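Source file: structure_15.csv (CSV, C-alpha atoms)
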```csv
chain,number,residue,atom,x,y,z
A,28,MET,CA,-25.0,-10.9,-42.7
A,29,ASN,CA,-28.3,-12.1,-41.2
A,30,THR,CA,-29.9,-13.6,-44.2
A,31,ALA,CA,-32.5,-16.4,-43.8
A,32,SER,CA,-30.0,-19.0,-45.1
A,33,GLU,CA,-27.4,-18.0,-42.6
A,34,ALA,CA,-30.0,-18.1,-39.8
A,35,ASN,CA,-30.7,-21.7,-40.6
A,36,ARG,CA,-27.1,-22.8,-40.2
A,37,GLY,CA,-25.6,-24.0,-36.9
A,38,PRO,CA,-27.2,-25.4,-33.8
A,39,ALA,CA,-30.9,-25.4,-33.1
A,40,ASN,CA,-32.1,-21.8,-32.6
A,41,ARG,CA,-30.3,-18.5,-32.6
A,42,PRO,CA,-29.0,-16.8,-29.5
A,43,GLU,CA,-30.6,-13.5,-28.3
A,44,PRO,CA,-28.1,-11.3,-26.4
A,45,ALA,CA,-27.8,-7.7,-27.6
A,46,LEU,CA,-24.8,-7.7,-29.9
A,47,ASP,CA,-23.9,-5.4,-32.7
A,48,ALA,CA,-22.6,-6.6,-36.1
A,49,LEU,CA,-18.9,-6.0,-35.0
A,50,GLU,CA,-19.4,-8.1,-31.8
A,51,ARG,CA,-21.0,-10.9,-33.8
A,52,ARG,CA,-18.0,-11.0,-36.1
A,53,LEU,CA,-15.5,-11.0,-33.2
A,54,LEU,CA,-17.4,-13.9,-31.6
A,55,ASN,CA,-17.9,-15.9,-34.8
A,56,GLU,CA,-14.9,-15.4,-37.1
A,57,PHE,CA,-11.9,-15.9,-34.8
A,58,GLN,CA,-12.7,-19.1,-33.0
A,59,ARG,CA,-10.0,-20.9,-34.9
A,60,ASP,CA,-6.9,-19.8,-36.9
A,61,PHE,CA,-6.3,-16.9,-34.5
A,62,PRO,CA,-3.4,-14.8,-35.6
A,63,LEU,CA,0.0,-16.0,-34.4
A,64,SER,CA,1.8,-12.7,-35.0
A,65,ARG,CA,3.4,-10.0,-32.8
A,66,ARG,CA,0.2,-8.0,-32.8
A,67,PRO,CA,-2.7,-10.4,-33.4
A,68,TYR,CA,-5.4,-7.9,-32.4
A,69,ALA,CA,-4.0,-5.4,-34.9
A,70,GLN,CA,-4.3,-8.1,-37.6
A,71,ILE,CA,-7.9,-8.8,-36.6
A,72,GLY,CA,-8.5,-5.0,-36.7
A,73,ARG,CA,-7.2,-4.8,-40.3
A,74,ARG,CA,-9.7,-7.5,-41.3
A,75,LEU,CA,-12.5,-5.8,-39.6
A,76,GLY,CA,-11.5,-2.2,-40.6
A,77,ILE,CA,-11.0,-0.9,-37.0
A,78,PRO,CA,-8.0,0.1,-35.0
A,79,GLU,CA,-6.1,-2.5,-32.8
A,80,GLN,CA,-7.2,-0.7,-29.6
A,81,GLU,CA,-10.9,-1.1,-30.5
A,82,VAL,CA,-10.5,-4.8,-31.0
A,83,ILE,CA,-8.9,-5.1,-27.6
A,84,GLU,CA,-11.6,-3.1,-25.9
A,85,HIS,CA,-14.4,-5.0,-27.6
A,86,LEU,CA,-12.9,-8.4,-26.8
A,87,ALA,CA,-12.2,-7.4,-23.2
A,88,ASN,CA,-15.8,-6.1,-22.9
A,89,LEU,CA,-17.2,-9.4,-24.3
A,90,GLN,CA,-15.1,-11.3,-21.8
A,91,SER,CA,-16.3,-9.2,-18.9
A,92,ARG,CA,-19.9,-9.9,-20.0
A,93,GLY,CA,-19.1,-13.6,-19.9
A,94,LEU,CA,-19.7,-14.1,-23.6
A,95,VAL,CA,-16.0,-14.9,-24.3
A,96,SER,CA,-14.5,-17.5,-21.9
A,97,ARG,CA,-10.9,-17.0,-23.1
A,98,ILE,CA,-8.7,-16.5,-26.1
A,99,GLY,CA,-6.6,-19.5,-26.2
A,100,PRO,CA,-6.2,-23.2,-26.9
A,101,VAL,CA,-8.8,-26.0,-27.0
A,102,PHE,CA,-6.8,-29.2,-26.5
A,103,ARG,CA,-7.2,-32.5,-28.2
A,104,CYS,CA,-7.8,-35.1,-25.5
A,105,HIS,CA,-5.2,-37.8,-25.0
A,106,ARG,CA,-2.4,-35.7,-26.6
A,107,ALA,CA,-1.5,-33.6,-23.6
A,108,GLY,CA,-2.1,-36.2,-20.9
A,109,THR,CA,-5.1,-38.3,-20.7
A,110,SER,CA,-8.8,-37.8,-19.8
A,111,THR,CA,-12.1,-39.6,-19.4
A,112,LEU,CA,-15.7,-38.9,-18.9
A,113,ALA,CA,-17.0,-40.2,-15.6
A,114,ALA,CA,-20.5,-40.7,-14.2
A,115,MET,CA,-22.0,-41.5,-10.9
A,116,ALA,CA,-25.5,-42.3,-9.6
A,117,VAL,CA,-25.8,-40.2,-6.5
A,118,PRO,CA,-28.8,-40.1,-4.2
A,119,ALA,CA,-30.5,-36.7,-4.6
A,120,GLN,CA,-29.9,-35.7,-1.0
A,121,ASN,CA,-26.2,-36.3,-1.3
A,122,LEU,CA,-25.7,-34.7,-4.7
A,123,ALA,CA,-24.5,-31.3,-3.5
A,124,ALA,CA,-21.9,-32.8,-1.1
A,125,VAL,CA,-20.6,-35.3,-3.7
A,126,ALA,CA,-20.4,-32.6,-6.4
A,127,LYS,CA,-18.5,-30.4,-4.1
A,128,LEU,CA,-16.0,-33.2,-3.3
A,129,VAL,CA,-15.5,-34.0,-7.0
A,130,ASN,CA,-15.0,-30.3,-7.8
A,131,GLN,CA,-12.1,-30.0,-5.4
A,132,TYR,CA,-9.9,-32.1,-7.6
A,133,PRO,CA,-7.8,-30.0,-10.0
A,134,GLU,CA,-8.1,-32.9,-12.4
A,135,VAL,CA,-11.8,-32.2,-12.8
A,136,ASN,CA,-12.7,-29.5,-15.3
A,137,HIS,CA,-16.3,-30.0,-16.1
A,138,ASN,CA,-18.9,-31.2,-13.6
A,139,TYR,CA,-22.6,-31.3,-14.5
A,140,GLU,CA,-25.8,-32.6,-13.0
A,141,ARG,CA,-27.8,-34.4,-15.7
A,142,GLU,CA,-31.4,-35.7,-15.6
A,143,HIS,CA,-31.0,-39.4,-15.3
A,144,HIS,CA,-30.3,-42.2,-12.7
A,145,PHE,CA,-26.7,-41.4,-13.5
A,146,ASN,CA,-26.9,-37.8,-12.4
A,147,LEU,CA,-23.4,-36.6,-11.9
A,148,TRP,CA,-21.1,-36.3,-15.0
A,149,PHE,CA,-17.6,-35.0,-15.0
A,150,VAL,CA,-14.5,-34.9,-17.1
A,151,ALA,CA,-11.3,-35.7,-15.5
A,152,THR,CA,-7.9,-34.9,-17.1
A,153,ALA,CA,-4.4,-35.8,-15.8
A,154,PRO,CA,-0.9,-36.0,-17.2
A,155,ASP,CA,-1.0,-39.7,-17.1
A,156,ALA,CA,-3.3,-42.7,-16.7
A,157,ARG,CA,-2.0,-43.6,-13.3
A,158,ARG,CA,-2.9,-40.2,-11.8
A,159,LEU,CA,-6.2,-40.3,-13.5
A,160,GLY,CA,-7.0,-43.7,-12.1
A,161,GLU,CA,-5.9,-42.6,-8.6
A,162,THR,CA,-8.3,-39.7,-8.7
A,163,LEU,CA,-11.2,-41.8,-9.7
A,164,ASP,CA,-10.3,-44.5,-7.1
A,165,GLU,CA,-10.1,-41.9,-4.4
A,166,ILE,CA,-13.6,-40.5,-5.3
A,167,VAL,CA,-15.0,-44.0,-5.0
A,168,ALA,CA,-13.3,-44.6,-1.7
A,169,LEU,CA,-14.4,-41.3,-0.2
A,170,THR,CA,-18.0,-41.5,-1.3
A,171,GLY,CA,-18.8,-45.2,-1.4
A,172,ILE,CA,-20.3,-44.6,-4.8
A,173,GLU,CA,-19.2,-46.4,-8.0
A,174,VAL,CA,-17.8,-44.3,-10.8
A,175,LEU,CA,-18.5,-45.2,-14.4
A,176,ASP,CA,-15.3,-44.7,-16.4
A,177,LEU,CA,-16.2,-43.9,-20.0
A,178,PRO,CA,-13.0,-43.3,-22.0
A,179,LEU,CA,-13.2,-41.9,-25.5
A,180,GLU,CA,-12.6,-44.4,-28.3
A,181,ARG,CA,-13.2,-42.2,-31.3
A,182,ALA,CA,-14.3,-38.6,-32.1
A,183,TYR,CA,-16.4,-38.1,-35.2
A,184,HIS,CA,-16.9,-34.4,-35.2
A,185,ILE,CA,-14.4,-31.8,-36.5
A,186,ASP,CA,-14.1,-28.9,-34.1
A,187,LEU,CA,-14.9,-25.8,-36.1
A,188,GLY,CA,-15.8,-23.9,-33.0
A,189,PHE,CA,-19.3,-23.1,-32.0
A,190,PRO,CA,-21.2,-21.7,-35.1
A,191,LEU,CA,-23.3,-18.8,-34.0
A,192,TRP,CA,-24.4,-16.9,-37.1
B,2,MET,CA,5.4,-33.8,-23.8
B,3,ASN,CA,8.6,-32.1,-23.0
B,4,ALA,CA,9.2,-29.6,-20.2
B,5,HIS,CA,9.3,-26.7,-22.6
B,6,ASN,CA,5.9,-27.5,-24.0
B,7,ALA,CA,4.5,-28.2,-20.6
B,8,LYS,CA,5.6,-24.7,-19.5
B,9,LEU,CA,4.1,-23.1,-22.5
B,10,ILE,CA,0.8,-25.0,-22.1
B,11,GLU,CA,0.6,-24.0,-18.5
B,12,ALA,CA,1.0,-20.3,-19.5
B,13,ILE,CA,-1.7,-20.3,-22.2
B,14,GLN,CA,-4.2,-22.9,-21.0
B,15,ASP,CA,-6.4,-20.3,-19.3
B,16,GLY,CA,-6.1,-17.8,-22.2
B,17,ILE,CA,-3.7,-15.3,-23.7
B,18,PRO,CA,-3.8,-11.6,-22.6
B,19,ILE,CA,-6.2,-9.3,-24.4
B,20,ALA,CA,-3.5,-6.7,-24.8
B,21,GLU,CA,-1.3,-5.4,-27.6
B,22,ARG,CA,1.5,-8.0,-27.6
B,23,PRO,CA,0.1,-11.0,-25.9
B,24,TYR,CA,2.8,-13.4,-26.9
B,25,ALA,CA,5.6,-11.1,-25.9
B,26,CYS,CA,3.8,-10.8,-22.5
B,27,ILE,CA,3.8,-14.5,-22.1
B,28,ALA,CA,7.4,-14.8,-23.3
B,29,GLU,CA,8.5,-12.3,-20.6
B,30,ARG,CA,6.8,-14.4,-17.9
B,31,LEU,CA,8.5,-17.5,-19.1
B,32,GLY,CA,11.9,-16.1,-19.8
B,33,LEU,CA,11.7,-16.8,-23.5
B,34,ASP,CA,11.7,-14.9,-26.8
B,35,GLU,CA,8.4,-13.8,-28.3
B,36,ALA,CA,9.2,-15.9,-31.3
B,37,ASP,CA,9.7,-19.0,-29.1
B,38,VAL,CA,6.2,-18.6,-27.8
B,39,ILE,CA,4.7,-18.1,-31.3
B,40,ASP,CA,6.6,-21.0,-32.8
B,41,GLY,CA,5.8,-23.1,-29.8
B,42,ILE,CA,2.0,-22.5,-30.2
B,43,ARG,CA,2.3,-23.2,-33.9
B,44,GLY,CA,4.1,-26.4,-33.1
B,45,LEU,CA,1.4,-27.6,-30.7
B,46,LEU,CA,-1.2,-26.9,-33.4
B,47,ASP,CA,0.8,-28.7,-36.0
B,48,SER,CA,1.2,-31.7,-33.8
B,49,ASP,CA,-2.5,-31.7,-32.9
B,50,VAL,CA,-1.9,-31.2,-29.2
B,51,ILE,CA,-4.1,-28.1,-29.7
B,52,LYS,CA,-7.0,-28.7,-31.9
B,53,ARG,CA,-8.0,-25.1,-32.3
B,54,PHE,CA,-6.7,-21.8,-31.0
B,55,GLY,CA,-8.8,-18.6,-30.8
B,56,VAL,CA,-11.8,-17.0,-29.2
B,57,VAL,CA,-13.5,-19.5,-27.0
B,58,VAL,CA,-17.1,-18.4,-26.6
B,59,SER,CA,-19.5,-19.2,-23.8
B,60,HIS,CA,-22.4,-20.7,-25.7
B,61,ARG,CA,-24.5,-20.7,-22.6
B,62,GLU,CA,-24.2,-17.0,-22.1
B,63,LEU,CA,-25.0,-16.5,-25.8
B,64,GLY,CA,-28.4,-18.0,-25.3
B,65,TYR,CA,-27.9,-21.7,-25.9
B,66,ARG,CA,-29.2,-22.7,-22.5
B,67,ALA,CA,-30.5,-26.1,-23.2
B,68,ASN,CA,-27.9,-28.8,-23.5
B,69,ALA,CA,-28.4,-32.5,-23.8
B,70,MET,CA,-26.1,-35.5,-24.0
B,71,VAL,CA,-27.8,-38.1,-26.1
B,72,VAL,CA,-26.5,-41.6,-25.9
B,73,TRP,CA,-27.3,-44.5,-28.2
B,74,ASP,CA,-26.7,-48.2,-28.2
B,75,ILE,CA,-25.4,-48.9,-31.8
B,76,PRO,CA,-24.1,-52.3,-32.9
B,77,ASP,CA,-20.3,-52.3,-33.0
B,78,ASP,CA,-20.1,-53.1,-36.7
B,79,GLY,CA,-22.1,-50.0,-37.7
B,80,VAL,CA,-21.2,-47.4,-35.0
B,81,ASP,CA,-18.4,-45.7,-36.9
B,82,GLU,CA,-20.5,-45.1,-40.0
B,83,THR,CA,-23.5,-43.9,-37.9
B,84,GLY,CA,-21.2,-41.7,-35.8
B,85,THR,CA,-19.7,-40.1,-38.9
B,86,ARG,CA,-23.1,-39.4,-40.3
B,87,MET,CA,-24.4,-38.1,-37.0
B,88,ALA,CA,-21.5,-35.7,-36.6
B,89,ALA,CA,-22.5,-34.1,-40.0
B,90,ILE,CA,-26.0,-33.3,-38.9
B,91,GLU,CA,-26.5,-29.6,-38.5
B,92,CYS,CA,-27.8,-29.4,-34.9
B,93,VAL,CA,-25.2,-31.9,-33.4
B,94,THR,CA,-22.2,-30.1,-32.0
B,95,LEU,CA,-20.1,-33.1,-30.8
B,96,CYS,CA,-20.2,-36.8,-31.5
B,97,TYR,CA,-18.1,-39.5,-29.9
B,98,ARG,CA,-17.8,-43.2,-29.4
B,99,ARG,CA,-17.0,-44.3,-25.9
B,100,ALA,CA,-16.6,-47.6,-24.0
B,101,ARG,CA,-19.7,-49.4,-23.0
B,102,ARG,CA,-20.1,-50.3,-19.3
B,103,PRO,CA,-22.7,-53.1,-19.1
B,104,PRO,CA,-25.0,-54.0,-17.6
B,105,ASN,CA,-26.0,-50.5,-16.3
B,106,TRP,CA,-24.6,-48.5,-19.2
B,107,PRO,CA,-24.9,-50.2,-22.6
B,108,TYR,CA,-24.6,-47.1,-24.7
B,109,ASN,CA,-21.6,-46.5,-27.0
B,110,LEU,CA,-22.4,-43.5,-29.2
B,111,TYR,CA,-22.7,-40.0,-27.7
B,112,CYS,CA,-23.8,-36.8,-29.3
B,113,MET,CA,-24.1,-33.3,-27.7
B,114,ILE,CA,-26.9,-31.0,-28.7
B,115,HIS,CA,-27.1,-27.4,-27.7
B,116,GLY,CA,-30.2,-25.3,-28.3
B,117,ARG,CA,-32.0,-22.2,-27.0
B,118,ASP,CA,-34.5,-24.4,-25.2
B,119,ARG,CA,-35.5,-28.0,-24.4
B,120,ALA,CA,-38.0,-28.1,-27.3
B,121,SER,CA,-35.4,-27.3,-29.9
B,122,VAL,CA,-33.0,-29.9,-28.5
B,123,LEU,CA,-35.7,-32.5,-28.5
B,124,ALA,CA,-36.6,-31.6,-32.1
B,125,CYS,CA,-32.9,-32.1,-33.0
B,126,VAL,CA,-33.0,-35.6,-31.4
B,127,GLU,CA,-36.0,-36.5,-33.6
B,128,THR,CA,-34.2,-35.2,-36.6
B,129,VAL,CA,-31.1,-37.3,-35.9
B,130,ALA,CA,-33.2,-40.4,-35.3
B,131,ALA,CA,-35.2,-39.9,-38.5
B,132,GLU,CA,-32.2,-39.2,-40.7
B,133,LEU,CA,-30.2,-42.2,-39.4
B,134,SER,CA,-33.2,-44.6,-39.0
B,135,LEU,CA,-32.6,-44.9,-35.3
B,136,GLU,CA,-36.2,-44.6,-34.2
B,137,ASN,CA,-36.1,-48.1,-32.6
B,138,THR,CA,-32.6,-47.8,-31.2
B,139,PRO,CA,-32.1,-47.8,-27.4
B,140,ARG,CA,-31.2,-44.2,-26.4
B,141,ALA,CA,-31.3,-41.8,-23.5
B,142,VAL,CA,-31.5,-38.0,-23.5
B,143,LEU,CA,-29.7,-36.5,-20.5
B,144,PHE,CA,-30.4,-32.8,-20.2
B,145,SER,CA,-27.8,-30.9,-18.1
B,146,LYS,CA,-29.5,-29.6,-15.1
B,147,HIS,CA,-26.9,-27.8,-13.0
B,148,ARG,CA,-23.4,-26.8,-13.9
B,149,PHE,CA,-21.2,-27.5,-10.9
B,150,LYS,CA,-17.9,-26.7,-12.6
B,151,GLN,CA,-16.9,-25.5,-16.1
B,152,ARG,CA,-13.3,-24.7,-16.9
B,153,GLY,CA,-10.8,-25.4,-19.7
B,154,ALA,CA,-8.8,-28.6,-19.2
B,155,ARG,CA,-5.7,-28.3,-17.0
B,156,TYR,CA,-3.0,-30.5,-18.3
B,157,VAL,CA,-0.4,-29.1,-16.0
B,158,LEU,CA,-1.4,-29.8,-12.4
B,159,PRO,CA,0.1,-29.2,-9.0
B,160,PRO,CA,2.2,-32.1,-7.6
B,161,ARG,CA,0.1,-34.9,-6.2
B,162,LEU,CA,-0.1,-34.7,-2.4
B,163,ALA,CA,0.9,-37.7,-0.3
B,164,GLU,CA,-2.4,-37.4,1.6
B,165,PRO,CA,-5.8,-37.6,-0.2
B,166,MET,CA,-7.0,-34.3,-1.5
B,167,VAL,CA,-10.0,-34.2,0.8
B,168,SER,CA,-8.8,-34.7,4.3
B,169,ALA,CA,-12.0,-34.9,6.2
B,170,PRO,CA,-14.2,-37.8,5.3
B,171,VAL,CA,-17.5,-36.7,3.9
B,172,THR,CA,-19.4,-39.7,5.2
B,173,SER,CA,-21.0,-37.4,7.8
B,174,ALA,CA,-22.6,-35.5,4.9
B,175,ILE,CA,-23.8,-38.7,3.2
B,176,GLU,CA,-26.6,-40.6,4.9
```

Transcribe the structure of this file into structure tokens.
Amino acid sequence: MNTASEANRGPANRPEPALDALERRLLNEFQRDFPLSRRPYAQIGRRLGIPEQEVIEHLANLQSRGLVSRIGPVFRCHRAGTSTLAAMAVPAQNLAAVAKLVNQYPEVNHNYEREHHFNLWFVATAPDARRLGETLDEIVALTGIEVLDLPLERAYHIDLGFPLW
Amino acid sequence: MNAHNAKLIEAIQDGIPIAERPYACIAERLGLDEADVIDGIRGLLDSDVIKRFGVVVSHRELGYRANAMVVWDIPDDGVDETGTRMAAIECVTLCYRRARRPPNWPYNLYCMIHGRDRASVLACVETVAAELSLENTPRAVLFSKHRFKQRGARYVLPPRLAEPMVSAPVTSAIE
């Protein structure tokens, strides 16, 4: 499994947590096309040669270790509702307070500080454009800071998951 | 987006149970048949509402701790070709075109690069620039510094309140 050619695939550098071969397969091979059957973990078990219960235990363990976020959907943007990437240039001494304010909106699902004059970046998602706009307008009104609204025009990548090994 | 799909999305957006019959479990919560849930998810995949369904890993916990958004100012007539080629480069995980916001934000092409450390991310940026002849193209590399919030998208939200979400003005916390 860990041949040199496989090590060169995927994003820059390989990760280093302690994982056995089975765990690596669970993390890498089921990021898409997850079984839609009555007992999906049993189906995975058949492919890996282990019982259903072991699959369940390993995945639950990986989730408790924070290595698996969830087993579920990754949504295409703009299909279920609408979303945008937004950015703000926040004075350093106010960053924590503004980030906390932005976080309070259920419309906000990613919020990062980045190293740039525009230092607060968040993704806002809402069922419709009106509610999305209201959210951004409210943030501007409450903070007095302009929000760059950077809607997606085109995605070039194909989401194959996050190649690990 | 009909009410049936919205209910299903709300039930699965944070993940399905890691237990023997996850779809039956969801069906019971929603008052549906197990087959309805399975067919419903398949339908959302077929209609491209869900772009993939499966194990969502935490790349950060797996050791990919350096993350940069790299933005480029590419002429409009060449951006789609450049974006398509950029997306195919090994170390690039995501690649998008977004609206420009001049004068402060002239960039229109974005790519995300994850790596174990800053050096490997910067090496990837140089690889991208070299492969696509972008050495002289205006760009910015924005490393992520602190993660304030990270959560899957919520497409089903609580009803909008009449009053603003944040009741107390924060102006006292902002000099």

Handout entry: Straight-line distance linking CA of His184 in chain A with CA of Cys92 in chain B, stated in Å to one decimal
Key =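 One can read the CA of His184 in chain A to CA of Cys92 in chain B distance as 12.0 Å.
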
Exercise for the section: For Phe54 in chain B, please output as a list of chain:residue names all residues within 6 Å (counting all atoms listed in the file; exclusion window: fewer than 6 positions along the same chain). Expected result: A:Arg59, A:Gly99, A:Pro100

Would you mind exporting C-alpha atoms of the selected residues as a PDB file, in the coordinates of the input?
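selection.pdb was written with the following content:
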```pdb
ATOM      1  CA  ARG A  59     -10.000 -20.900 -34.900  1.00  0.00           C
ATOM      2  CA  GLY A  99      -6.600 -19.500 -26.200  1.00  0.00           C
ATOM      3  CA  PRO A 100      -6.200 -23.200 -26.900  1.00  0.00           C
TER       4      PRO A 100
END
```

Exercise for the section: Skip range 69-81 of chain B itself and residues of its chain fewer than 6 positions away, then list as JSON, numbers by chain all residues within 6 Å of it, counting all atoms listed in the file. Expected result: {"B": [108, 109, 110, 111, 112, 113, 114, 139, 140, 141, 142, 143, 144, 145]}

Problem - One-decimal distance in Å that lies between CA of Met87 in chain B and CA of Val50 in chain B - result: 24.8 Å

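Interatomic distance, CA of Val82 in chain A to CA of Leu191 in chain A: 19.2 Å.
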
Practice task
Tell me, as a VMD selection string, which residues lie within 8 Å of Glu21 in chain B, counting all atoms listed in the file; anything in the same chain fewer than 4 positions away does not count.
Solution key: chain A and resid 66 to 69 79 to 80 83

Practice task
Please return, as a PyMOL selection string, all polymer residues that have at least one atom within 7 Å of the point (-10.1, -17.2, -25.6); use all atoms listed in the file and the file's own coordinate frame.
Solution key: (chain A and resi 95-99) or (chain B and resi 16-17+55-57)

Wanna dump the range 61-86 of chain B-range 130-134 of chain B contacts at 10 Å for me, each residue with its shortest atom pair and the distance in Å to one decimal, counting only C-alpha atoms, ordered by chain and number, as a tab-separated table?
```
residue	atom	partner	partner_atom	distance
B:Thr83	CA	B:Leu133	CA	7.1
B:Gly84	CA	B:Leu133	CA	9.7
B:Arg86	CA	B:Leu133	CA	7.7
```

Could you turn the residues from that selection into a file that holds C-alpha atoms, as a compact mmCIF listing (two decimals), in the frame of the given file?
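Saved file again-v9.txt follows:
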```txt
# COMPACT_ATOMS: atom_id res chain seq x y z
CA THR B 83 -23.50 -43.90 -37.90
CA GLY B 84 -21.20 -41.70 -35.80
CA ARG B 86 -23.10 -39.40 -40.30
```

Problem - For Asn146 in chain A: contacts at 8 Å, all atoms listed in the file, fewer than 4 positions along chain excluded, given as a VMD selection string - result: chain A and resid 114 to 117 140 to 142
